[in-house]
file query-v5.cif (mmCIF, C-alpha atoms and all ligand atoms)
data_run
loop_
_atom_site.label_atom_id
_atom_site.label_comp_id
_atom_site.auth_asym_id
_atom_site.auth_seq_id
_atom_site.Cartn_x
_atom_site.Cartn_y
_atom_site.Cartn_z
CA MET I 10 198.58 41.62 124.76
CA ALA I 11 196.81 44.93 125.30
CA ILE I 12 193.02 44.76 125.08
CA PRO I 13 191.49 46.08 121.81
CA VAL I 14 190.57 49.79 121.96
CA ASP I 15 186.86 49.24 121.47
CA ASP I 16 186.71 46.67 124.30
CA MET I 17 188.18 49.26 126.65
CA PHE I 18 185.17 51.48 126.09
CA LYS I 19 182.74 48.61 126.10
CA ASN I 20 184.02 47.66 129.57
CA LEU I 21 183.65 51.22 130.84
CA LEU I 22 180.07 51.34 129.57
CA THR I 23 179.30 47.97 131.16
CA LYS I 24 180.49 49.33 134.51
CA LEU I 25 178.25 52.39 134.20
CA ARG I 26 175.31 50.20 133.18
CA SER I 27 175.74 47.90 136.17
CA LYS I 28 175.64 50.92 138.51
CA LYS I 29 172.54 52.23 136.73
CA LEU I 30 174.56 55.29 135.74
CA LEU I 31 174.53 54.85 131.97
CA ARG I 32 172.97 57.80 130.14
CA THR I 33 171.07 57.37 126.92
CA PHE I 34 169.15 59.74 124.65
CA ARG I 35 165.39 60.18 125.07
CA THR I 36 164.34 61.29 121.60
CA ILE I 37 161.17 63.27 120.91
CA ASP I 38 159.65 63.84 117.50
CA SER I 39 158.32 67.38 117.91
CA ALA I 40 159.35 70.76 119.26
CA ASN I 41 160.38 70.71 122.92
CA ASP I 42 157.08 72.34 123.99
CA HIS I 43 154.81 71.86 127.04
CA SER I 44 153.51 68.71 125.38
CA VAL I 45 155.78 66.61 123.16
CA GLN I 46 155.60 63.59 120.85
CA PHE I 47 157.42 60.73 122.56
CA SER I 48 157.29 57.03 121.66
CA GLY I 49 154.33 57.73 119.39
CA LYS I 50 152.17 59.55 121.96
CA ASP I 51 151.67 63.00 123.47
CA VAL I 52 153.32 63.39 126.86
CA VAL I 53 153.55 66.33 129.25
CA MET I 54 157.06 67.84 129.22
CA MET I 55 158.44 68.49 132.71
CA ALA I 56 162.15 68.13 132.05
CA SER I 57 163.06 71.18 129.99
CA ASN I 58 164.44 74.60 130.90
CA ASN I 59 161.95 76.20 128.54
CA TYR I 60 160.02 77.81 131.41
CA PHE I 61 158.07 80.31 129.27
CA GLY I 62 157.72 78.20 126.12
CA LEU I 63 159.45 80.91 124.12
CA ASN I 64 161.20 78.45 121.76
CA VAL I 65 157.87 78.08 119.91
CA HIS I 66 156.46 81.59 120.43
CA PRO I 67 155.34 82.78 116.95
CA GLU I 68 157.21 86.12 117.22
CA VAL I 69 160.40 84.37 118.32
CA VAL I 70 160.22 81.78 115.53
CA GLU I 71 159.46 84.49 112.95
CA ALA I 72 162.35 86.70 114.10
CA SER I 73 164.78 83.78 114.07
CA CYS I 74 163.75 82.87 110.48
CA ALA I 75 164.02 86.52 109.39
CA ALA I 76 167.55 86.76 110.82
CA VAL I 77 168.61 83.59 108.96
CA LYS I 78 167.15 84.98 105.72
CA LYS I 79 169.08 88.23 106.12
CA TYR I 80 172.40 87.00 107.55
CA GLY I 81 172.53 83.33 106.50
CA VAL I 82 172.63 80.22 108.67
CA GLY I 83 176.11 80.36 110.19
CA ASN I 84 178.36 83.17 111.32
CA VAL I 85 181.23 81.26 109.59
CA ALA I 86 183.97 83.25 111.33
CA SER I 87 185.14 84.20 114.79
CA ARG I 88 183.59 87.50 115.96
CA LEU I 89 186.98 89.21 116.03
CA VAL I 90 187.34 88.41 112.33
CA VAL I 91 183.80 89.17 111.16
CA ASN I 92 181.11 90.69 113.38
CA LEU I 93 177.42 90.90 112.40
CA SER I 94 175.27 93.92 113.23
CA ILE I 95 172.61 91.62 114.77
CA GLN I 96 175.19 90.47 117.35
CA ASN I 97 175.77 94.08 118.43
CA GLU I 98 172.02 94.61 118.57
CA LEU I 99 171.53 91.56 120.80
CA GLU I 100 174.39 92.59 123.12
CA LYS I 101 172.92 96.06 123.49
CA ALA I 102 169.50 94.62 124.38
CA LEU I 103 170.97 92.13 126.91
CA ALA I 104 173.10 94.82 128.59
CA ALA I 105 170.02 97.05 128.94
CA TYR I 106 167.97 94.12 130.30
CA LYS I 107 170.64 93.33 132.93
CA LYS I 108 171.22 97.04 133.68
CA LYS I 109 174.92 96.84 132.78
CA GLU I 110 177.05 98.94 130.43
CA ALA I 111 177.99 96.20 128.00
CA CYS I 112 177.57 92.55 127.01
CA LEU I 113 179.38 89.86 125.04
CA VAL I 114 177.57 86.84 123.57
CA PHE I 115 179.14 83.39 123.32
CA SER I 116 178.10 80.26 121.44
CA SER I 117 176.70 78.77 124.68
CA GLY I 118 176.32 79.50 128.39
CA TYR I 119 178.91 76.78 128.96
CA ALA I 120 181.40 78.64 126.75
CA ALA I 121 180.60 81.93 128.51
CA ASN I 122 181.33 80.51 131.98
CA VAL I 123 184.48 78.68 130.90
CA GLY I 124 185.77 81.78 129.07
CA VAL I 125 184.96 84.24 131.84
CA VAL I 126 185.97 82.22 134.93
CA SER I 127 189.24 81.04 133.36
CA SER I 128 190.37 84.54 132.39
CA VAL I 129 188.95 87.03 134.92
CA VAL I 130 191.61 86.49 137.60
CA GLY I 131 195.02 84.93 137.07
CA GLU I 132 198.03 83.55 138.87
CA GLY I 133 198.21 84.39 142.59
CA ALA I 134 194.46 85.01 142.81
CA ILE I 135 191.79 82.94 144.61
CA ILE I 136 188.44 81.78 143.24
CA LEU I 137 185.78 81.07 145.90
CA SER I 138 183.08 78.90 144.33
CA ASP I 139 179.83 77.47 145.77
CA GLU I 140 179.99 73.67 145.96
CA LEU I 141 176.85 73.29 143.82
CA ASN I 142 177.88 75.68 141.05
CA HIS I 143 177.26 74.54 137.49
CA ALA I 144 179.81 72.26 135.76
CA SER I 145 180.76 75.06 133.35
CA ILE I 146 181.94 77.21 136.29
CA VAL I 147 183.84 74.24 137.70
CA ASP I 148 185.54 73.71 134.31
CA GLY I 149 186.40 77.43 134.12
CA CYS I 150 188.06 77.10 137.54
CA LYS I 151 190.08 74.14 136.28
CA LEU I 152 191.38 76.19 133.35
CA SER I 153 192.20 79.24 135.49
CA LYS I 154 195.71 79.85 136.82
CA ALA I 155 194.11 81.01 140.09
CA VAL I 156 193.64 78.63 143.04
CA THR I 157 190.03 77.51 143.60
CA CYS I 158 188.49 76.99 147.06
CA VAL I 159 184.99 75.55 147.26
CA TYR I 160 182.67 76.84 149.99
CA ASN I 161 179.77 74.85 151.41
CA HIS I 162 176.52 75.34 149.52
CA CYS I 163 175.04 78.81 150.24
CA ASP I 164 177.07 78.93 153.47
CA VAL I 165 177.87 82.62 154.00
CA ALA I 166 179.79 81.95 157.26
CA HIS I 167 182.07 79.50 155.47
CA LEU I 168 182.56 81.99 152.63
CA GLU I 169 183.53 84.68 155.15
CA LEU I 170 186.02 82.33 156.80
CA LEU I 171 187.73 81.76 153.43
CA LEU I 172 187.70 85.51 152.70
CA LYS I 173 189.52 86.13 155.99
CA GLU I 174 191.97 83.35 155.26
CA HIS I 175 192.89 84.86 151.89
CA ALA I 176 192.79 88.53 152.91
CA GLY I 177 195.06 90.70 150.80
CA LYS I 178 194.82 88.53 147.69
CA LYS I 179 192.79 89.22 144.56
CA ILE I 180 189.57 87.21 144.95
CA LEU I 181 186.70 86.16 142.66
CA VAL I 182 183.49 84.94 144.32
CA VAL I 183 181.25 83.01 141.93
CA THR I 184 177.77 81.53 142.45
CA ASP I 185 174.69 80.41 140.52
CA SER I 186 171.74 82.65 141.41
CA ILE I 187 169.10 79.89 141.14
CA PHE I 188 170.82 76.50 141.41
CA SER I 189 170.10 74.31 138.40
CA MET I 190 169.62 70.94 140.10
CA ASP I 191 168.20 72.05 143.48
CA GLY I 192 166.11 75.08 142.53
CA ASP I 193 167.19 77.09 145.57
CA ARG I 194 168.52 80.62 145.50
CA ALA I 195 171.96 81.94 146.48
CA PRO I 196 172.07 84.36 149.46
CA LEU I 197 173.00 87.26 147.14
CA GLU I 198 172.21 90.06 149.61
CA ALA I 199 174.46 88.49 152.26
CA ILE I 200 177.25 87.92 149.72
CA ILE I 201 176.99 91.57 148.65
CA ASN I 202 177.36 92.60 152.30
CA LEU I 203 180.55 90.54 152.47
CA LYS I 204 181.76 92.27 149.33
CA LYS I 205 181.33 95.64 151.04
CA LYS I 206 183.43 94.41 153.95
CA TYR I 207 186.17 92.43 152.18
CA GLY I 208 186.20 93.66 148.58
CA PHE I 209 186.29 91.08 145.76
CA VAL I 210 185.07 90.54 142.21
CA LEU I 211 181.52 89.15 142.32
CA MET I 212 180.22 86.95 139.52
CA VAL I 213 176.70 85.51 139.34
CA ASP I 214 175.39 82.87 136.92
CA ASP I 215 171.82 83.77 136.06
CA ALA I 216 171.09 80.81 133.75
CA HIS I 217 167.86 79.85 135.55
CA ALA I 218 166.99 83.28 136.94
CA THR I 219 166.43 85.38 133.82
CA GLY I 220 162.82 86.53 133.81
CA ILE I 221 162.19 84.84 137.16
CA ILE I 222 164.09 86.78 139.81
CA ASP I 223 165.67 90.19 139.41
CA THR I 224 169.39 90.03 140.11
CA SER I 225 170.35 93.35 138.54
CA PHE I 226 172.23 94.54 141.65
CA PRO I 227 174.93 97.12 140.83
CA ASP I 228 177.27 95.24 143.21
CA ILE I 229 177.33 92.22 140.93
CA ASP I 230 180.33 92.91 138.69
CA ILE I 231 179.85 90.04 136.28
CA CYS I 232 176.52 88.56 135.25
CA VAL I 233 176.67 85.44 133.10
CA GLY I 234 173.62 83.83 131.57
CA THR I 235 172.25 81.72 128.78
CA LEU I 236 169.93 82.38 125.86
CA SER I 237 169.11 78.66 125.84
CA LYS I 238 166.70 78.44 128.77
CA THR I 239 164.04 81.05 129.57
CA LEU I 240 164.77 82.81 126.27
CA GLY I 241 164.14 79.62 124.25
CA SER I 242 167.06 80.20 121.88
CA GLN I 243 170.72 79.18 122.04
CA GLY I 244 173.93 80.84 123.21
CA GLY I 245 175.39 82.46 126.33
CA TYR I 246 176.37 85.93 127.45
CA VAL I 247 178.29 87.96 130.00
CA CYS I 248 177.24 91.47 131.10
CA GLY I 249 179.36 93.99 132.98
CA SER I 250 181.20 97.29 132.63
CA ARG I 251 182.51 98.35 129.22
CA ASN I 252 186.11 97.78 130.32
CA LEU I 253 185.31 94.31 131.66
CA ILE I 254 183.57 93.27 128.44
CA ASP I 255 186.39 94.64 126.25
CA PHE I 256 188.80 92.65 128.43
CA PHE I 257 186.80 89.43 127.88
CA SER I 258 186.69 89.88 124.09
CA ASN I 259 190.52 90.07 124.28
CA SER I 260 191.11 87.26 126.75
CA SER I 261 188.30 84.66 126.86
CA ARG I 262 189.59 81.84 124.73
CA SER I 263 186.17 80.18 124.31
CA PHE I 264 185.08 83.48 122.71
CA MET I 265 188.19 84.29 120.67
CA TYR I 266 188.75 80.85 119.19
CA SER I 267 185.18 79.86 118.44
CA THR I 268 182.74 80.86 115.69
CA GLY I 269 180.32 83.65 116.57
CA LEU I 270 176.79 82.92 117.73
CA ASN I 271 174.60 82.13 114.71
CA PRO I 272 172.14 84.72 113.33
CA GLY I 273 169.05 82.56 113.93
CA ALA I 274 169.86 82.28 117.64
CA CYS I 275 170.53 86.05 117.84
CA GLY I 276 167.24 86.96 116.14
CA GLY I 277 165.26 84.51 118.27
CA ALA I 278 166.80 85.73 121.52
CA LEU I 279 166.20 89.39 120.62
CA ALA I 280 162.50 88.71 120.02
CA ALA I 281 162.28 86.56 123.17
CA LEU I 282 163.61 89.46 125.27
CA LEU I 283 160.89 91.72 123.86
CA VAL I 284 158.17 89.14 124.56
CA LEU I 285 159.46 88.59 128.10
CA GLU I 286 159.44 92.32 128.88
CA ARG I 287 156.02 92.88 127.33
CA GLU I 288 154.18 89.79 128.64
CA LYS I 289 154.67 90.28 132.38
CA ASP I 290 151.97 87.69 132.95
CA LEU I 291 154.26 84.85 131.79
CA ARG I 292 156.11 84.91 135.10
CA ASN I 293 152.88 84.91 137.13
CA ARG I 294 151.51 81.99 135.11
CA LEU I 295 154.73 80.05 135.66
CA LEU I 296 154.74 80.64 139.42
CA GLU I 297 151.01 79.84 139.69
CA ASN I 298 151.65 76.54 137.90
CA VAL I 299 154.53 75.79 140.27
CA VAL I 300 152.28 76.40 143.29
CA TYR I 301 149.52 74.20 141.83
CA LEU I 302 151.94 71.39 140.97
CA LYS I 303 153.68 71.55 144.34
CA ALA I 304 150.35 71.46 146.20
CA GLY I 305 149.15 68.52 144.08
CA LEU I 306 152.32 66.55 144.74
CA SER I 307 152.23 67.29 148.48
CA LYS I 308 148.60 66.17 148.62
CA ILE I 309 149.50 62.70 147.32
CA GLY I 310 152.22 62.49 149.96
CA LEU I 311 155.33 63.34 147.96
CA ARG I 312 158.01 65.44 149.61
CA VAL I 313 159.03 67.96 146.98
CA GLU I 314 161.90 70.34 147.50
CA GLY I 315 163.23 73.30 145.60
CA GLY I 316 161.62 76.61 144.85
CA TYR I 317 160.71 78.78 141.91
CA GLN I 318 160.33 76.70 138.74
CA ILE I 319 162.65 73.79 139.61
CA LEU I 320 161.26 71.11 141.94
CA THR I 321 163.05 67.98 143.06
CA LEU I 322 162.02 64.64 144.52
CA SER I 323 164.72 62.67 146.26
CA THR I 324 164.86 59.06 145.01
CA GLU I 325 167.61 57.57 147.20
CA SER I 326 169.01 55.08 144.68
CA ASN I 327 169.86 55.18 140.98
CA GLU I 328 167.71 52.12 140.48
CA LYS I 329 164.63 53.76 142.01
CA THR I 330 165.29 56.94 140.04
CA MET I 331 165.21 55.10 136.76
CA ARG I 332 162.17 53.02 137.76
CA CYS I 333 160.29 56.25 138.54
CA GLN I 334 161.35 57.79 135.23
CA GLU I 335 160.01 54.72 133.42
CA ILE I 336 156.66 54.72 135.26
CA LEU I 337 156.15 58.43 134.66
CA GLU I 338 156.96 57.95 130.99
CA ARG I 339 154.36 55.18 130.73
CA GLU I 340 151.80 57.43 132.45
CA GLY I 341 152.40 60.28 130.01
CA VAL I 342 154.90 62.55 131.75
CA PHE I 343 158.42 63.29 130.60
CA VAL I 344 160.61 63.75 133.70
CA THR I 345 164.32 62.97 133.86
CA GLY I 346 166.11 61.16 136.65
CA ILE I 347 169.27 63.07 137.58
CA ARG I 348 172.22 61.04 138.83
CA LYS I 349 175.96 61.28 139.40
CA PRO I 350 178.05 63.10 138.27
CA SER I 351 175.43 65.84 137.75
CA VAL I 352 174.34 65.61 141.39
CA ALA I 353 175.64 63.92 144.54
CA SER I 354 172.33 62.22 145.43
CA PRO I 355 169.87 60.90 142.83
CA ARG I 356 166.60 62.72 142.26
CA LEU I 357 163.81 63.50 139.83
CA ARG I 358 164.06 67.07 138.58
CA ILE I 359 160.64 68.44 137.73
CA THR I 360 160.18 71.73 135.92
CA ALA I 361 156.93 73.59 135.44
CA MET I 362 156.21 75.85 132.48
CA ALA I 363 154.05 78.96 132.11
CA THR I 364 152.35 77.25 129.16
CA HIS I 365 151.30 74.04 130.98
CA THR I 366 147.50 73.77 131.08
CA ARG I 367 145.65 72.73 134.23
CA ASP I 368 144.73 69.47 132.48
CA GLU I 369 148.39 68.76 131.85
CA LEU I 370 149.30 69.48 135.46
CA ASP I 371 146.47 67.17 136.62
CA THR I 372 147.71 64.43 134.27
CA ALA I 373 151.16 64.86 135.77
CA ILE I 374 149.91 64.68 139.37
CA ARG I 375 147.95 61.49 138.56
CA ALA I 376 151.10 60.01 137.03
CA PHE I 377 153.16 60.91 140.09
CA GLU I 378 150.62 59.02 142.23
CA LYS I 379 151.93 55.83 140.58
CA ILE I 380 155.44 56.36 141.95
CA VAL I 381 154.41 56.99 145.55
CA VAL I 382 154.76 53.28 146.41
CA VAL I 383 158.12 53.01 144.67
CA LEU I 384 159.50 55.93 146.67
CA ALA I 385 158.07 54.56 149.93
CA GLN I 386 159.81 51.16 149.48
C1 LIG E 1 172.55 75.40 131.61
C2 LIG E 1 173.47 76.15 132.44
C3 LIG E 1 174.61 76.72 131.87
C4 LIG E 1 175.03 76.45 130.46
O1 LIG E 1 174.23 77.10 129.51
P1 LIG E 1 174.10 76.52 128.03
O2 LIG E 1 173.65 77.69 127.23
O3 LIG E 1 173.13 75.40 128.09
O4 LIG E 1 175.47 76.05 127.61
C5 LIG E 1 175.40 77.51 132.68
N1 LIG E 1 175.10 77.71 133.99
C6 LIG E 1 174.01 77.15 134.56
C7 LIG E 1 173.72 77.42 136.01
C8 LIG E 1 173.18 76.35 133.81
O5 LIG E 1 172.13 75.77 134.38
#

call {"tool": "encode", "arguments": {"input": "query-v5.cif", "output": "structure tokens", "more": "lines below"}}
Ligand SMILES: *Cc1c(COP(=O)(O)O)cnc(C)c1O
result
Amino acid sequence: MAIPVDDMFKNLLTKLRSKKLLRTFRTIDSANDHSVQFSGKDVVMMASNNYFGLNVHPEVVEASCAAVKKYGVGNVASRLVVNLSIQNELEKALAAYKKKEACLVFSSGYAANVGVVSSVVGEGAIILSDELNHASIVDGCKLSKAVTCVYNHCDVAHLELLLKEHAGKKILVVTDSIFSMDGDRAPLEAIINLKKKYGFVLMVDDAHATGIIDTSFPDIDICVGTLSKTLGSQGGYVCGSRNLIDFFSNSSRSFMYSTGLNPGACGGALAALLVLEREKDLRNRLLENVVYLKAGLSKIGLRVEGGYQILTLSTESNEKTMRCQEILEREGVFVTGIRKPSVASPRLRITAMATHTRDELDTAIRAFEKIVVVLAQ
């Protein structure tokens, strides 16, 4: 007799648990700010993508509430059926920010990547994708009728080899600009040089770069990003030429067959863009905090990698990763262990924020001291 349906899933979960690969929710009882309420106490947040703390910025919160009051909570229709003026306003602001002609917003960055990558080139074309690109790009490749070839991480020579191999075909090259789980930066200048030599469509995913590095090169044809990280809101977008954007609103299925981005997210993101452009100091404060944190962790003997706002500590095994996460949690720091299938080798991913105080960074460094022995074992 076949095994009962529920037992099938129970067995799958048991397997994941035994490999220390089971994921569970870590619930906080406050806003996801630089300090959060977790298990009844205040802990320092170092696991979010909220690098500038804009999700709780008073102007951003106010603008989001005002948009909900004017337009209601949900968009309650696809954009091609009913379009709100605030969506146009947000697209105009994002296009100007990215120095492109036009923009289209999606319900998430995931939806933007899936919709754009799956539709931009079709049958007979080739997609060349960095091996560490975000899962949403990978899923877009899977849905595309083009053939995908993966090039070694940030390896320009390998990319050139593949360009030569597929000379004469229509090609899309796609890369994250700052890689989400490693914190390193794509060799954009070198890739642009290849574009001048070989000619292809160049797409960059700016999810972690907005407000941190300037990637507004005219040679980047397609710039995808998210409103859900540095901008503290929710949603995704693609910027490019007017023709390109009009093509996506007629061909990206994750845009066409999904409800438009909600007014609260639009209002919040619009205000966040204004704050980001006005408060230039946010970026400096973030990078200063990264330098301080990195120096503190090096001083206690931890080998941190990554750059910009995303730091990583290699943990070797899933078991060690989870033990470190637990110790840090007990010591008042919220850091998440990242394991397969998100990454090939387990690690702690540590993110600094512009709004972390020195006291909070010191608390974190003291907490990290407690995992030094675990990592050395
Ligand atoms: C987070 C992320 C996305 C997805 O954005 P969401 O708005 O969270 O769906 C896309 N690309 C990269 C590189 C990301 O890190």

call {"tool": "closest_residue", "arguments": {"input": "query-v5.cif", "among": "I:Asp164, I:Glu98, I:Pro272, I:Ala40", "to": "Val82 of chain I", "atoms": "only C-alpha atoms"}}
result
I:Pro272

call {"tool": "closest_residue", "arguments": {"input": "query-v5.cif", "among": "I:Thr239, I:Ser39, I:Thr364, I:Ser128", "to": "ligand LIG 1 (chain E)", "atoms": "only C-alpha atoms and all ligand atoms"}}
result
I:Thr239

call {"tool": "residues_near_ligand", "arguments": {"input": "query-v5.cif", "ligand": "ligand LIG 1 (chain E)", "cutoff": "9 Å", "atoms": "all atoms listed in the file", "output": "NGL selection string"}}
result
:I and (58 or 115-122 or 142-146 or 184-190 or 214-218 or 233-238 or 242-246)

call {"tool": "closest_residue", "arguments": {"input": "query-v5.cif", "among": "I:Asp255, I:Asp42, I:Asp139, I:Glu328", "to": "His365 of chain I", "atoms": "all atoms listed in the file"}}
result
I:Asp42

call {"tool": "closest_residue", "arguments": {"input": "query-v5.cif", "among": "I:Val126, I:Leu31, I:Leu203, I:Cys150", "to": "Leu170 of chain I", "atoms": "all atoms listed in the file"}}
result
I:Leu203

call {"tool": "closest_residue", "arguments": {"input": "query-v5.cif", "among": "I:Val183, I:Arg312, I:Ala176, I:Lys79", "to": "His162 of chain I", "atoms": "only C-alpha atoms"}}
result
I:Val183

call {"tool": "atom_distance", "arguments": {"input": "query-v5.cif", "atom1": "atom CA of Ala76 of chain I", "atom2": "atom CA of Leu282 of chain I"}}
result
15.2 Å

call {"tool": "atom_distance", "arguments": {"input": "query-v5.cif", "atom1": "atom CA of Pro67 of chain I", "atom2": "atom CA of Cys112 of chain I"}}
result
26.3 Å

call {"tool": "atom_distance", "arguments": {"input": "query-v5.cif", "atom1": "atom CA of Val52 of chain I", "atom2": "atom CA of Gly241 of chain I"}}
result
19.7 Å

call {"tool": "residues_around", "arguments": {"input": "query-v5.cif", "residues": "Val182 of chain I", "least_positions_apart": "3", "cutoff": "7 Å", "atoms": "all atoms listed in the file", "output": "PyMOL selection string"}}
result
chain I and resi 136-138+209-212
